[in-house]
Amino acid sequence: MNNIKSRFAPSPTGYMHIGNLRTALYSYLIAKSQGGSFMLRIEDTDQNRYVEGAMDVIYRTLKICGLEYDEGPDKDLGNGPYIQSQRKDLYVKYAKKLVELGHAYYCFCSKERLDNLRAELEGKGLPYEYDGCCKKLTPEEIQAKLDAGEPYVIRQIMPREGVSEYEDAVYGHISINNNTLEEQILLKSDGLPTYNFANVIDDHLMGVTHVVRGNEYITSTPKYNLLYEAFGWEAPCYIHLPHITKEGGKKLSKRDGDASFEDFYSKGYLTEAIINYVALLGWSPGGEREIFSLKELEEVFSIKGINNSPAVFDITKFRWMNSEYIKMMKPEDFHAAALPYYEKALTRKVDLVRVSSLLQSRVEVLSEIPDYIDFLENTLEYDVSMYVHKKMKTTVEGSLETLTGLIPVLESITDWQEDIIHQTLMGHVAQLGVKNGVVLWPLRTALSGKMSTPGGATEIAYILGKDETINRVTTAIEFIKSQI
RNA sequence: GCCCUCAUGGUCAAGCGGUCAAGACAUCGCCCUCUCACGGCGGUAACAAGGGUUCGAUUCCCUUUGGGGGUACCA
């Protein structure tokens, strides 16, 4: 293991956004592809956002996805604690040190004063900016306020002139005017740090060399670099990632059920497919291959392949990829995965293994299994016109005749096995001297009431069993008669 | 408003000064076929616009347009 170290530093919001999952994945892959280590840190410095059980979601998701971290809250390698709220004193210490170094100052402005200031400036059509009021305080005044126990924050001092520049691994050269840099709050009045401060302190103290995060931090990165400089620390390598959106540039939303890992997971998307698809959203291996396991991604991943333009999450292609993974499953694994869905949709005792073999090449997402097999449970309602099929050369009247003639044929089958049913039906077709469809289409329709089914007439007849098959054909005959 | 950033088919995406501009999903057609699917074959479809630089721009620069982000005691 070399000295490359990346981290995933989510704040516990209660669910794993798909964009966050990708950030975690890329961070993991950047480290693993270079023999480095991967760390998990929890950024819970905003107490107002505390969500019960949120950390478990993070642990669980990473575990299910196979993104194993070398170091984290439950794996202390000596850099802990890895939960920011437990590192409070550390930030206070460094914030005060920064004041001593002349790169930060105490600010006693109340929330109210700031709100008023903001309202006033906005009223004049000016952009808000802290007016530096507390910067003018003398050391004596500051000490007096401190002694009096006045609440305070600590703000970072920004250069007024010049430009700050840095190299981003995916966006290249970034240059930002210093006069756009705000004298941001480093330490909040509750004694906890802001993200802007905590991430710098922690990344340095924990030895993080590669910072992977969303591109919303591109413009604030110079502020972090200034912090590194002030402390005399080396800044890490920055890898900012473009965002994932949905069609039309809209945000993936929790409400629409397309935002989080668990949304997809619960719908029956396979984790391997989720990882694979998400890996390809914003990164390209360069070749034509698209199917990669996590292990394979670890081999081929490269920062060079990361794209800098935003990507649209295409559910259609995602479904296709999931179906590819379903098709790759061992039949017994697919069957095991499908079983819970059968139990929900089916009470009739049928050859479920056969059903699985029919379904595996058709199902794209596990949760749609009930829609495929609903007709096995009960006959569906349908219109007689379904018996009219141009290509099969069938008509309603013809179907009635066909089905009526089929009853004795079906009854003659004593050993209800698929190949025997098939042979018998084909023999009947040959005897009639018609096209296969003339007999099989009406039969399939009578048995299912659906335009399309997993498997044809033979397979369905086999699955339903002799009694139910004859029963359904009889019912269909009566039905057609009643409609003519 | 100001600042940053992005721009190849409907979507992902290769390309990194000279290509008939890959591939995948989707879509359309054909084949296979007891429906559908799988599989196979083929088709339609793109360099946002305008200026430069250059012998030559999808590729480099500028502007415009459009998208995204930032401008919090949120991350």
# chains A, B, ... in the order shown; residues from 1 in each chain; ligands from 1
>>> closest_atom_pairs(of="chain A", to="chain B", cutoff="6 Å", atoms="only C-alpha atoms (C1' of nucleotides)", output="tab-separated table")
residue	atom	partner	partner_atom	distance
A:Lys188	CA	B:C73	C1'	4.8
A:Glu216	CA	B:G69	C1'	5.3
A:Thr219	CA	B:C4	C1'	5.7
A:Glu288	CA	B:G23	C1'	5.4
A:Ser309	CA	B:C6	C1'	5.2
A:Asp314	CA	B:U11	C1'	6.0
A:Lys317	CA	B:C25	C1'	4.7
A:Ser361	CA	B:C38	C1'	5.6
A:Arg362	CA	B:A37	C1'	4.9
A:Leu440	CA	B:C34	C1'	5.2
A:Ser452	CA	B:C36	C1'	4.6
A:Thr453	CA	B:C36	C1'	5.6
A:Gly456	CA	B:C34	C1'	5.2
A:Ala457	CA	B:C34	C1'	5.8
>>> select_by_dssp(residues="stretch 306-461 of chain A", states="strand (DSSP E or B)", output="PyMOL selection string")
chain A and resi 306+311-312+389+394
>>> atom_distance(atom1="atom CA of A:Asp202", atom2="atom CA of A:Tyr94")
10.8 Å
>>> residues_around(residues="A:Met329", least_positions_apart="3", cutoff="12 Å", atoms="only C-alpha atoms (C1' of nucleotides)", output="ChimeraX atom specification")
/A:270,272-273,322-326,332-338,356-357,360-361
>>> residues_around(residues="stretch 242-259 of chain A", least_positions_apart="4", cutoff="10 Å", atoms="only C-alpha atoms (C1' of nucleotides)", output="VMD selection string")
(chain A and resid 15 to 20 22 to 23 170 to 171 213 to 216 263 to 264 267 278 281 to 282 306 to 315) or (chain B and resid 5 to 6 10 to 11 67 to 69)
